[in-house]
file start-v4.pdb (PDB, C-alpha atoms)
ATOM      1  CA  MET A1035      14.814  24.834  17.136
ATOM      2  CA  THR A1036      13.621  28.385  16.532
ATOM      3  CA  THR A1037      12.098  29.973  13.480
ATOM      4  CA  HIS A1038      15.279  32.055  13.091
ATOM      5  CA  THR A1039      17.648  29.097  12.728
ATOM      6  CA  ALA A1040      17.698  26.495   9.965
ATOM      7  CA  HIS A1041      19.119  23.026  10.586
ATOM      8  CA  PHE A1042      20.779  20.833   7.965
ATOM      9  CA  VAL A1043      22.307  17.366   7.631
ATOM     10  CA  HIS A1044      25.595  17.452   5.714
ATOM     11  CA  GLN A1045      27.532  14.459   4.457
ATOM     12  CA  ILE A1046      31.136  14.944   5.569
ATOM     13  CA  ALA A1047      32.755  11.641   4.498
ATOM     14  CA  ARG A1048      32.290   8.932   1.870
ATOM     15  CA  PRO A1049      30.964   5.744   3.481
ATOM     16  CA  CYS A1050      33.227   2.721   3.390
ATOM     17  CA  GLY A1051      30.655  -0.036   3.152
ATOM     18  CA  PHE A1052      27.683   0.508   5.449
ATOM     19  CA  PRO A1053      27.331   4.207   6.402
ATOM     20  CA  THR A1054      27.762   5.324  10.006
ATOM     21  CA  ALA A1055      26.666   8.405  11.925
ATOM     22  CA  ALA A1056      30.253   9.680  11.698
ATOM     23  CA  ASP A1057      29.759  10.207   7.935
ATOM     24  CA  PHE A1058      27.293  13.033   8.673
ATOM     25  CA  ALA A1059      27.110  16.283  10.624
ATOM     26  CA  HIS A1060      24.338  18.597  11.796
ATOM     27  CA  VAL A1061      24.861  22.203  10.710
ATOM     28  CA  THR A1062      22.930  25.374  11.537
ATOM     29  CA  ALA A1063      22.560  28.647   9.638
ATOM     30  CA  PRO A1064      20.145  31.589   9.599
ATOM     31  CA  VAL A1065      16.821  30.876   7.902
ATOM     32  CA  PRO A1066      17.216  32.100   4.290
ATOM     33  CA  GLU A1067      15.124  34.908   2.829
ATOM     34  CA  PRO A1068      13.168  34.250  -0.376
ATOM     35  CA  GLY A1069      14.016  36.276  -3.463
ATOM     36  CA  PRO A1070      12.079  36.843  -6.683
ATOM     37  CA  GLY A1071      10.633  33.581  -8.004
ATOM     38  CA  THR A1072      11.262  31.596  -4.811
ATOM     39  CA  ALA A1073       9.417  30.690  -1.635
ATOM     40  CA  LEU A1074      10.600  29.754   1.846
ATOM     41  CA  VAL A1075       9.254  26.402   3.013
ATOM     42  CA  GLU A1076       9.343  25.100   6.559
ATOM     43  CA  ASN A1077       9.621  21.336   6.225
ATOM     44  CA  LEU A1078       7.184  19.050   8.024
ATOM     45  CA  LEU A1079       8.078  15.571   6.754
ATOM     46  CA  LEU A1080      11.296  14.228   5.236
ATOM     47  CA  SER A1081      11.890  11.066   3.240
ATOM     48  CA  VAL A1082      14.935   8.813   3.610
ATOM     49  CA  ASP A1083      15.325   6.420   0.689
ATOM     50  CA  PRO A1084      17.546   3.565  -0.526
ATOM     51  CA  TYR A1085      18.729   5.614  -3.520
ATOM     52  CA  HIS A1086      20.445   8.053  -1.144
ATOM     53  CA  ARG A1087      23.039   5.394  -0.369
ATOM     54  CA  GLY A1088      24.301   5.252  -3.958
ATOM     55  CA  LEU A1089      24.523   9.047  -4.231
ATOM     56  CA  MET A1090      26.690   9.179  -1.108
ATOM     57  CA  ASP A1091      29.569   7.575  -2.990
ATOM     58  CA  GLY A1092      29.949  10.743  -5.063
ATOM     59  CA  GLY A1093      30.757  10.687  -8.755
ATOM     60  CA  GLU A1094      28.505  12.085 -11.454
ATOM     61  CA  GLY A1095      25.181  13.105  -9.964
ATOM     62  CA  GLY A1096      26.255  12.151  -6.438
ATOM     63  CA  PHE A1097      26.148  14.205  -3.254
ATOM     64  CA  GLU A1098      28.843  16.766  -2.592
ATOM     65  CA  LEU A1099      30.594  16.709   0.754
ATOM     66  CA  ASP A1100      29.952  19.459   3.303
ATOM     67  CA  ALA A1101      26.696  20.470   1.639
ATOM     68  CA  PRO A1102      23.021  19.877   2.444
ATOM     69  CA  LEU A1103      21.745  16.539   1.234
ATOM     70  CA  GLU A1104      18.895  16.232  -1.257
ATOM     71  CA  GLY A1105      15.705  14.374  -0.456
ATOM     72  CA  ARG A1106      11.967  14.383  -0.980
ATOM     73  CA  ALA A1107      10.088  16.498   1.528
ATOM     74  CA  VAL A1108       6.715  18.057   2.301
ATOM     75  CA  GLY A1109       6.610  21.500   3.869
ATOM     76  CA  ARG A1110       4.477  24.589   4.335
ATOM     77  CA  VAL A1111       5.193  27.943   2.684
ATOM     78  CA  VAL A1112       6.004  30.584   5.315
ATOM     79  CA  ALA A1113       7.052  33.381   2.926
ATOM     80  CA  SER A1114       6.830  33.709  -0.855
ATOM     81  CA  CYS A1115       8.079  35.960  -3.626
ATOM     82  CA  ASP A1116       6.447  33.895  -6.366
ATOM     83  CA  PRO A1117       2.783  34.203  -7.369
ATOM     84  CA  GLY A1118       2.549  30.440  -7.840
ATOM     85  CA  LEU A1119       2.922  29.777  -4.121
ATOM     86  CA  ARG A1120       1.147  31.496  -1.263
ATOM     87  CA  GLU A1121       1.836  31.512   2.450
ATOM     88  CA  GLY A1122       0.243  28.436   3.985
ATOM     89  CA  ASP A1123       0.428  26.284   0.850
ATOM     90  CA  LEU A1124       1.639  22.705   1.275
ATOM     91  CA  VAL A1125       4.501  21.927  -1.092
ATOM     92  CA  PHE A1126       6.276  18.790  -2.296
ATOM     93  CA  HIS A1127       9.934  19.397  -3.168
ATOM     94  CA  ARG A1128      13.360  17.758  -3.142
ATOM     95  CA  ALA A1129      15.298  20.006  -0.740
ATOM     96  CA  GLY A1130      15.001  17.669   2.207
ATOM     97  CA  TRP A1131      17.338  16.712   5.059
ATOM     98  CA  ARG A1132      16.920  20.251   6.396
ATOM     99  CA  THR A1133      14.306  22.194   8.345
ATOM    100  CA  HIS A1134      13.905  25.091   5.893
ATOM    101  CA  ALA A1135      14.377  25.343   2.126
ATOM    102  CA  LEU A1136      14.112  27.895  -0.646
ATOM    103  CA  VAL A1137      12.138  26.401  -3.529
ATOM    104  CA  THR A1138      11.172  27.463  -7.026
ATOM    105  CA  PRO A1139       7.777  26.323  -8.338
ATOM    106  CA  GLY A1140       8.211  23.818 -11.171
ATOM    107  CA  ALA A1141      11.938  23.301 -10.571
ATOM    108  CA  ASP A1142      13.223  19.876  -9.457
ATOM    109  CA  GLY A1143       9.700  18.547  -9.099
ATOM    110  CA  THR A1144       8.519  21.306  -6.760
ATOM    111  CA  ARG A1145       4.732  21.521  -6.792
ATOM    112  CA  ARG A1146       1.881  22.738  -4.631
ATOM    113  CA  LEU A1147      -0.006  19.798  -3.154
ATOM    114  CA  ARG A1148      -3.691  19.471  -3.923
ATOM    115  CA  GLY A1149      -4.414  18.672  -0.276
ATOM    116  CA  HIS A1150      -7.079  15.979  -0.632
ATOM    117  CA  ASP A1151      -9.547  16.024   2.271
ATOM    118  CA  GLY A1152      -9.264  12.945   4.454
ATOM    119  CA  VAL A1153      -5.783  11.996   3.207
ATOM    120  CA  PRO A1154      -2.997  12.060   5.846
ATOM    121  CA  LEU A1155       0.073  14.172   5.146
ATOM    122  CA  GLU A1156       2.297  11.074   5.228
ATOM    123  CA  ALA A1157       0.598   9.755   2.082
ATOM    124  CA  TYR A1158       2.219  12.483  -0.014
ATOM    125  CA  LEU A1159       5.632  10.936   0.637
ATOM    126  CA  SER A1160       4.459   7.324   0.435
ATOM    127  CA  HIS A1161       1.679   6.132  -1.866
ATOM    128  CA  LEU A1162       1.060   9.559  -3.437
ATOM    129  CA  GLY A1163       4.772  10.413  -3.579
ATOM    130  CA  GLY A1164       7.723   9.038  -5.492
ATOM    131  CA  THR A1165       7.341   5.664  -3.789
ATOM    132  CA  GLY A1166       3.782   5.112  -4.984
ATOM    133  CA  LEU A1167       4.514   6.653  -8.362
ATOM    134  CA  THR A1168       7.366   4.200  -8.868
ATOM    135  CA  ALA A1169       5.121   1.240  -8.059
ATOM    136  CA  TYR A1170       2.294   2.565 -10.232
ATOM    137  CA  ALA A1171       4.579   3.145 -13.223
ATOM    138  CA  ALA A1172       6.224  -0.269 -12.778
ATOM    139  CA  LEU A1173       2.872  -2.060 -12.796
ATOM    140  CA  THR A1174       0.815  -0.056 -15.286
ATOM    141  CA  ARG A1175       3.479   0.994 -17.789
ATOM    142  CA  THR A1176       6.649  -1.106 -17.533
ATOM    143  CA  ALA A1177       5.085  -4.484 -16.700
ATOM    144  CA  ALA A1178       1.535  -3.714 -17.929
ATOM    145  CA  LEU A1179       0.001  -5.971 -15.264
ATOM    146  CA  ARG A1180      -3.353  -7.357 -16.344
ATOM    147  CA  SER A1181      -6.263  -8.491 -14.199
ATOM    148  CA  GLY A1182      -5.920 -12.159 -13.253
ATOM    149  CA  GLU A1183      -2.119 -12.264 -13.504
ATOM    150  CA  ASP A1184       0.260 -13.412 -10.765
ATOM    151  CA  LEU A1185       2.909 -11.134  -9.255
ATOM    152  CA  PHE A1186       6.086 -11.483  -7.206
ATOM    153  CA  VAL A1187       7.607  -8.425  -5.501
ATOM    154  CA  SER A1188      10.882  -8.424  -3.571
ATOM    155  CA  ALA A1189      11.560  -6.263  -0.501
ATOM    156  CA  ALA A1190       7.795  -6.326  -0.275
ATOM    157  CA  ALA A1191       7.541  -4.826   3.215
ATOM    158  CA  GLY A1192       9.434  -1.676   2.194
ATOM    159  CA  GLY A1193       8.010   1.493   0.700
ATOM    160  CA  VAL A1194       7.865   0.552  -2.986
ATOM    161  CA  GLY A1195       7.061  -3.082  -2.190
ATOM    162  CA  THR A1196       4.107  -2.171   0.005
ATOM    163  CA  ALA A1197       2.739   0.242  -2.594
ATOM    164  CA  THR A1198       3.214  -2.394  -5.296
ATOM    165  CA  GLY A1199       1.159  -4.905  -3.351
ATOM    166  CA  HIS A1200      -1.725  -2.478  -2.817
ATOM    167  CA  ILE A1201      -1.788  -1.227  -6.399
ATOM    168  CA  ALA A1202      -1.517  -4.716  -7.875
ATOM    169  CA  ARG A1203      -4.506  -5.861  -5.827
ATOM    170  CA  LEU A1204      -6.524  -2.836  -6.951
ATOM    171  CA  LEU A1205      -5.566  -3.631 -10.564
ATOM    172  CA  GLY A1206      -6.958  -7.147 -10.177
ATOM    173  CA  ALA A1207      -3.858  -9.291  -9.644
ATOM    174  CA  ARG A1208      -4.836 -12.898  -8.920
ATOM    175  CA  ARG A1209      -2.000 -14.000  -6.651
ATOM    176  CA  ILE A1210       0.605 -11.757  -4.998
ATOM    177  CA  VAL A1211       3.778 -13.189  -3.452
ATOM    178  CA  GLY A1212       6.384 -11.170  -1.560
ATOM    179  CA  SER A1213       9.800 -11.639  -0.018
ATOM    180  CA  ALA A1214      11.002  -9.875   3.121
ATOM    181  CA  GLY A1215      13.850 -10.002   5.610
ATOM    182  CA  SER A1216      12.236 -11.292   8.800
ATOM    183  CA  ALA A1217       9.460 -13.517  10.065
ATOM    184  CA  ALA A1218       7.665 -10.454  11.475
ATOM    185  CA  LYS A1219       7.669  -8.794   8.063
ATOM    186  CA  VAL A1220       6.403 -11.957   6.420
ATOM    187  CA  ARG A1221       3.483 -12.002   8.869
ATOM    188  CA  HIS A1222       2.847  -8.316   8.147
ATOM    189  CA  LEU A1223       2.646  -9.043   4.418
ATOM    190  CA  THR A1224       0.157 -11.873   4.744
ATOM    191  CA  ASP A1225      -1.838 -10.868   7.836
ATOM    192  CA  VAL A1226      -2.016  -7.076   7.386
ATOM    193  CA  LEU A1227      -1.361  -6.266   3.736
ATOM    194  CA  GLY A1228      -3.196  -9.241   2.260
ATOM    195  CA  PHE A1229      -0.404 -10.918   0.280
ATOM    196  CA  ASP A1230      -1.356 -14.446  -0.737
ATOM    197  CA  ALA A1231       2.059 -15.818   0.246
ATOM    198  CA  ALA A1232       5.377 -14.498   1.521
ATOM    199  CA  PHE A1233       8.737 -15.825   2.644
ATOM    200  CA  ASP A1234      11.862 -14.736   4.511
ATOM    201  CA  TYR A1235      14.762 -14.793   2.078
ATOM    202  CA  HIS A1236      17.068 -15.794   4.937
ATOM    203  CA  ASP A1237      15.272 -19.134   5.245
ATOM    204  CA  GLY A1238      16.728 -20.739   2.122
ATOM    205  CA  PRO A1239      17.446 -20.236  -1.575
ATOM    206  CA  VAL A1240      15.099 -17.613  -2.997
ATOM    207  CA  GLY A1241      14.366 -19.667  -6.095
ATOM    208  CA  GLU A1242      13.259 -22.675  -4.050
ATOM    209  CA  GLN A1243      11.093 -20.602  -1.721
ATOM    210  CA  LEU A1244       9.491 -18.754  -4.621
ATOM    211  CA  ALA A1245       8.756 -22.036  -6.412
ATOM    212  CA  HIS A1246       6.997 -23.254  -3.269
ATOM    213  CA  ALA A1247       5.044 -19.998  -2.810
ATOM    214  CA  ALA A1248       4.068 -19.787  -6.492
ATOM    215  CA  PRO A1249       4.083 -23.377  -7.784
ATOM    216  CA  ASP A1250       2.254 -22.411 -10.985
ATOM    217  CA  GLY A1251       4.688 -19.603 -11.791
ATOM    218  CA  ILE A1252       4.312 -15.838 -12.065
ATOM    219  CA  ASP A1253       3.581 -13.360 -14.842
ATOM    220  CA  VAL A1254       5.209 -10.228 -13.441
ATOM    221  CA  TYR A1255       8.150  -9.531 -11.124
ATOM    222  CA  VAL A1256       8.757  -6.103  -9.549
ATOM    223  CA  ASP A1257      12.401  -6.225  -8.476
ATOM    224  CA  ASN A1258      13.724  -4.095  -5.634
ATOM    225  CA  VAL A1259      16.652  -6.383  -4.778
ATOM    226  CA  GLY A1260      18.412  -7.909  -7.786
ATOM    227  CA  GLY A1261      20.904 -10.751  -7.290
ATOM    228  CA  ASP A1262      19.445 -14.080  -6.208
ATOM    229  CA  HIS A1263      15.920 -12.626  -6.236
ATOM    230  CA  LEU A1264      16.210 -11.774  -9.925
ATOM    231  CA  GLU A1265      17.598 -15.221 -10.689
ATOM    232  CA  GLY A1266      14.777 -16.903  -8.804
ATOM    233  CA  ALA A1267      12.142 -14.785 -10.515
ATOM    234  CA  ILE A1268      13.505 -15.601 -13.967
ATOM    235  CA  ASP A1269      13.049 -19.287 -13.186
ATOM    236  CA  ALA A1270       9.484 -18.713 -11.950
ATOM    237  CA  LEU A1271       8.303 -16.457 -14.770
ATOM    238  CA  ARG A1272       6.034 -17.920 -17.391
ATOM    239  CA  GLU A1273       6.542 -17.378 -21.099
ATOM    240  CA  TYR A1274       6.199 -13.703 -22.059
ATOM    241  CA  GLY A1275       6.611 -12.653 -18.429
ATOM    242  CA  ARG A1276       7.736  -9.141 -17.531
ATOM    243  CA  ILE A1277      10.298  -7.819 -15.060
ATOM    244  CA  ALA A1278      10.090  -4.217 -13.850
ATOM    245  CA  TRP A1279      13.478  -3.564 -12.267
ATOM    246  CA  VAL A1280      13.133  -0.759  -9.713
ATOM    247  CA  GLY A1281      16.196  -1.174  -7.501
ATOM    248  CA  ALA A1282      18.949  -3.480  -6.317
ATOM    249  CA  ILE A1283      19.444  -3.209  -2.569
ATOM    250  CA  SER A1284      21.608  -6.323  -2.741
ATOM    251  CA  MET A1285      24.222  -4.088  -4.418
ATOM    252  CA  HIS A1286      24.276  -1.387  -1.726
ATOM    253  CA  ASN A1287      27.196  -0.663   0.576
ATOM    254  CA  GLY A1288      30.071  -1.509  -1.696
ATOM    255  CA  ASP A1289      29.004  -4.526  -3.776
ATOM    256  CA  ARG A1290      28.573  -2.856  -7.162
ATOM    257  CA  SER A1291      29.300  -5.806  -9.441
ATOM    258  CA  PRO A1292      27.379  -8.936  -8.414
ATOM    259  CA  ALA A1293      27.471 -11.915 -10.731
ATOM    260  CA  ALA A1294      24.800 -11.897 -13.416
ATOM    261  CA  PRO A1295      21.962 -14.375 -12.902
ATOM    262  CA  ARG A1296      23.144 -17.794 -14.027
ATOM    263  CA  ASN A1297      19.860 -18.305 -15.881
ATOM    264  CA  LEU A1298      19.945 -14.995 -17.759
ATOM    265  CA  PHE A1299      19.526 -16.701 -21.137
ATOM    266  CA  GLU A1300      16.044 -17.742 -20.006
ATOM    267  CA  VAL A1301      15.075 -14.137 -20.817
ATOM    268  CA  VAL A1302      15.520 -15.168 -24.451
ATOM    269  CA  HIS A1303      14.259 -18.720 -24.114
ATOM    270  CA  LYS A1304      10.991 -17.619 -22.460
ATOM    271  CA  SER A1305      10.608 -14.361 -24.439
ATOM    272  CA  LEU A1306      10.731 -12.387 -21.204
ATOM    273  CA  ARG A1307      10.952  -8.596 -21.034
ATOM    274  CA  LEU A1308      13.187  -6.844 -18.505
ATOM    275  CA  GLU A1309      13.011  -3.060 -18.240
ATOM    276  CA  GLY A1310      14.339  -0.601 -15.677
ATOM    277  CA  VAL A1311      12.038   1.860 -13.912
ATOM    278  CA  LEU A1312      13.136   5.436 -13.158
ATOM    279  CA  VAL A1313      10.421   7.461 -11.489
ATOM    280  CA  ARG A1314      11.655  10.709 -13.030
ATOM    281  CA  ASN A1315      10.540   9.376 -16.417
ATOM    282  CA  HIS A1316       6.954   8.992 -15.189
ATOM    283  CA  THR A1317       6.131  12.262 -13.440
ATOM    284  CA  ASN A1318       3.367  12.790 -16.007
ATOM    285  CA  LEU A1319       1.429  10.041 -14.194
ATOM    286  CA  GLN A1320       1.099  11.978 -10.910
ATOM    287  CA  GLU A1321      -2.474  13.153 -11.444
ATOM    288  CA  GLU A1322      -3.508   9.716 -12.711
ATOM    289  CA  LEU A1323      -1.973   8.120  -9.625
ATOM    290  CA  GLU A1324      -3.864  10.440  -7.283
ATOM    291  CA  GLU A1325      -7.178   9.848  -9.035
ATOM    292  CA  PHE A1326      -6.571   6.103  -8.735
ATOM    293  CA  LEU A1327      -5.490   5.972  -5.072
ATOM    294  CA  VAL A1328      -7.133   8.883  -3.237
ATOM    295  CA  PRO A1329     -10.585   7.215  -3.017
ATOM    296  CA  HIS A1330      -8.984   4.141  -1.434
ATOM    297  CA  LEU A1331      -6.946   6.239   1.021
ATOM    298  CA  ARG A1332     -10.087   8.128   2.022
ATOM    299  CA  SER A1333     -12.124   4.950   2.482
ATOM    300  CA  GLY A1334      -9.402   3.289   4.541
ATOM    301  CA  ARG A1335      -9.045   0.389   2.125
ATOM    302  CA  ILE A1336      -5.345   1.220   2.123
ATOM    303  CA  GLY A1337      -3.318   3.142   4.710
ATOM    304  CA  THR A1338      -0.262   5.327   4.331
ATOM    305  CA  ASP A1339       2.004   2.371   5.260
ATOM    306  CA  THR A1340       4.723   4.442   6.875
ATOM    307  CA  THR A1341       7.204   4.186   9.709
ATOM    308  CA  VAL A1342       7.616   7.691  11.149
ATOM    309  CA  VAL A1343      10.636   8.733  13.224
ATOM    310  CA  GLN A1344      10.006  11.825  15.350
ATOM    311  CA  GLY A1345      12.525  14.684  15.333
ATOM    312  CA  PHE A1346      14.855  16.234  12.783
ATOM    313  CA  ASP A1347      17.875  15.298  14.885
ATOM    314  CA  ARG A1348      17.047  11.630  14.196
ATOM    315  CA  THR A1349      17.204  11.930  10.381
ATOM    316  CA  VAL A1350      20.496  10.034  10.103
ATOM    317  CA  GLU A1351      19.231   7.437  12.571
ATOM    318  CA  ALA A1352      16.127   6.943  10.429
ATOM    319  CA  PHE A1353      18.227   6.599   7.272
ATOM    320  CA  LEU A1354      20.523   3.987   8.791
ATOM    321  CA  GLY A1355      17.526   2.142  10.225
ATOM    322  CA  MET A1356      15.918   2.046   6.787
ATOM    323  CA  LEU A1357      19.103   0.541   5.313
ATOM    324  CA  ARG A1358      19.006  -2.105   8.059
ATOM    325  CA  GLY A1359      15.394  -2.897   7.202
ATOM    326  CA  GLU A1360      13.867  -1.605  10.439
ATOM    327  CA  ASN A1361      10.898   0.004   8.686
ATOM    328  CA  LEU A1362       7.542  -1.315   7.596
ATOM    329  CA  GLY A1363       6.487   0.611   4.512
ATOM    330  CA  LYS A1364       8.006   4.016   3.835
ATOM    331  CA  MET A1365      10.491   5.467   6.355
ATOM    332  CA  LEU A1366       9.790   9.138   7.143
ATOM    333  CA  VAL A1367      11.026  11.763   9.574
ATOM    334  CA  ARG A1368       8.542  14.156  11.172
ATOM    335  CA  ILE A1369      10.153  17.456  12.150
ATOM    336  CA  ASP A1370       9.318  18.673  15.642
ATOM    337  CA  ASN A1371       8.449  22.190  14.499
TER     338      ASN A1371
END
call {"tool": "encode", "arguments": {"input": "start-v4.pdb", "output": "structure tokens"}}
result
Amino acid sequence: MTTHTAHFVHQIARPCGFPTAADFAHVTAPVPEPGPGTALVENLLLSVDPYHRGLMDGGEGGFELDAPLEGRAVGRVVASCDPGLREGDLVFHRAGWRTHALVTPGADGTRRLRGHDGVPLEAYLSHLGGTGLTAYAALTRTAALRSGEDLFVSAAAGGVGTATGHIARLLGARRIVGSAGSAAKVRHLTDVLGFDAAFDYHDGPVGEQLAHAAPDGIDVYVDNVGGDHLEGAIDALREYGRIAWVGAISMHNGDRSPAAPRNLFEVVHKSLRLEGVLVRNHTNLQEELEEFLVPHLRSGRIGTDTTVVQGFDRTVEAFLGMLRGENLGKMLVRIDN
């Protein structure tokens, strides 16, 4: 790559089930010039996320074909025609899946990063980015987790799940249980991240495994999976329990209408509360999140919890790997430039 050429990932076909590399293409174009009110950013880190899969099916709000994909990114300003951004500033924005982007301060979440000393760049796309903000909002606002309560989080070794575990512990959760998709991930949850118990959902019915891992029940469930995980959590929740529903990876790749949990009426019987979590509704918590987590990132009490793939040309590979569950924590792409 040269500084005169920009590289992009375009989606060129709608996936039929699980996406393949053939659904995407790498495209080059001259690096754009900033105009009034914009700045040119050279991207350093890109995020690949589960929500991208749903947008690839098109429809309202979905990705257009033969156009650059959208995604969270961190980059450095190399030229600016806006007084709000100066050359050299680090910027968070949503024009990812490309090496260079024109951004407008304040538009689509674009903001200059505060650049906390001692905090790795990767943290701004994991615990200090949309991933951490989602977990923080789910626990502090949607579920209102209180000190001494017990928590279950599904897909716990992924980006949001990992952040949820850290934040819940810092908030004083008593017992934290997680589910994951392999024995290695289960060991990572208990041996590295400090979960009190964890299980591989392939090893048997989720409800039975959760009942064994949390025999006294749970107070809060942060759901990244849906399906049988939601059904199992409803059984395990105590009266007045809360469900913060973040995502439903069990519905990815074509299965858009799974059967409702067979025990759904227990939401009424136990006076449970189930509420969806959209991070865009909680951007006002960004400064609060940073004040809460930065001291712990600096001290090393928590890490960035990322899996980093090297090279822009491996962006699609990283995305497909994330969908297959090959990452621990947040999956990122570091651009060679």
call {"tool": "residues_around", "arguments": {"input": "start-v4.pdb", "residues": "range 1075-1077 of chain A", "least_positions_apart": "6", "cutoff": "7 Å", "atoms": "all atoms listed in the file", "output": "PyMOL selection string"}}
result
chain A and resi 1107-1112+1133-1136
call {"tool": "resolve_selection", "arguments": {"input": "start-v4.pdb", "expression": "the PyMOL selection byres ((chain A and resi 1173) around 8)", "output": "list of chain:residue names"}}
result
A:Ala1169, A:Tyr1170, A:Ala1171, A:Ala1172, A:Thr1174, A:Arg1175, A:Thr1176, A:Ala1177, A:Ala1178, A:Leu1179, A:Thr1198, A:Ile1201, A:Ala1202, A:Val1256, A:Ala1278
call {"tool": "resolve_selection", "arguments": {"input": "start-v4.pdb", "expression": "the PyMOL selection byres ((chain A and resi 1236) around 10)", "output": "PyMOL selection string"}}
result
chain A and resi 1213-1217+1233-1235+1237-1240
call {"tool": "residues_around", "arguments": {"input": "start-v4.pdb", "residues": "Ala1231 in chain A", "least_positions_apart": "5", "cutoff": "10 Å", "atoms": "all atoms listed in the file", "output": "count of residues only"}}
result
15
call {"tool": "resolve_selection", "arguments": {"input": "start-v4.pdb", "expression": "the PyMOL selection byres ((chain A and resi 1315) around 12)", "output": "PyMOL selection string"}}
result
chain A and resi 1143+1164+1167-1168+1171-1172+1175-1176+1310-1314+1316-1320
call {"tool": "atom_distance", "arguments": {"input": "start-v4.pdb", "atom1": "CA of Asp1262 in chain A", "atom2": "CA of Gly1281 in chain A"}}
result
13.4 Å
call {"tool": "residues_around", "arguments": {"input": "start-v4.pdb", "residues": "Val1367 in chain A", "least_positions_apart": "4", "cutoff": "12 Å", "atoms": "all atoms listed in the file", "output": "JSON, numbers by chain"}}
result
{"A": [1077, 1078, 1079, 1080, 1081, 1082, 1083, 1105, 1106, 1107, 1108, 1130, 1131, 1132, 1133, 1156, 1159, 1340, 1341, 1342, 1343, 1344, 1345, 1346, 1347, 1348, 1349, 1350, 1351, 1352, 1353, 1355, 1356, 1361, 1371]}
call {"tool": "residues_around", "arguments": {"input": "start-v4.pdb", "residues": "Val1043 in chain A", "least_positions_apart": "3", "cutoff": "7 Å", "atoms": "all atoms listed in the file", "output": "PDB file with C-alpha atoms, in the frame of the given file"}}
result
ATOM      1  CA  PHE A1058      27.293  13.033   8.673  1.00  0.00           C
ATOM      2  CA  ALA A1059      27.110  16.283  10.624  1.00  0.00           C
ATOM      3  CA  HIS A1060      24.338  18.597  11.796  1.00  0.00           C
ATOM      4  CA  VAL A1061      24.861  22.203  10.710  1.00  0.00           C
ATOM      5  CA  PRO A1102      23.021  19.877   2.444  1.00  0.00           C
ATOM      6  CA  LEU A1103      21.745  16.539   1.234  1.00  0.00           C
ATOM      7  CA  TRP A1131      17.338  16.712   5.059  1.00  0.00           C
ATOM      8  CA  ARG A1132      16.920  20.251   6.396  1.00  0.00           C
TER       9      ARG A1132
END
call {"tool": "residues_around", "arguments": {"input": "start-v4.pdb", "residues": "range 1150-1152 of chain A", "least_positions_apart": "5", "cutoff": "12 Å", "atoms": "all atoms listed in the file", "output": "list in words"}}
result
Leu1124, Ala1157, Tyr1158, Leu1162, Glu1324, Glu1325, Leu1327, Val1328, Pro1329, His1330, Leu1331, Arg1332, Ser1333, Gly1334, Gly1337 and Thr1338 of chain A
call {"tool": "atom_distance", "arguments": {"input": "start-v4.pdb", "atom1": "CA of Pro1084 in chain A", "atom2": "CA of Thr1196 in chain A"}}
result
14.6 Å
call {"tool": "closest_residue", "arguments": {"input": "start-v4.pdb", "among": "A:Gly1140, A:Gly1228, A:Pro1049, A:Gly1241", "to": "Gly1199 in chain A", "atoms": "only C-alpha atoms"}}
result
A:Gly1228
call {"tool": "closest_residue", "arguments": {"input": "start-v4.pdb", "among": "A:Ala1073, A:Ala1055, A:Val1259, A:Val1301", "to": "Val1194 in chain A", "atoms": "all atoms listed in the file"}}
result
A:Val1259
call {"tool": "closest_residue", "arguments": {"input": "start-v4.pdb", "among": "A:Tyr1085, A:Tyr1255, A:Phe1042, A:Phe1097", "to": "Ile1277 in chain A", "atoms": "all atoms listed in the file"}}
result
A:Tyr1255
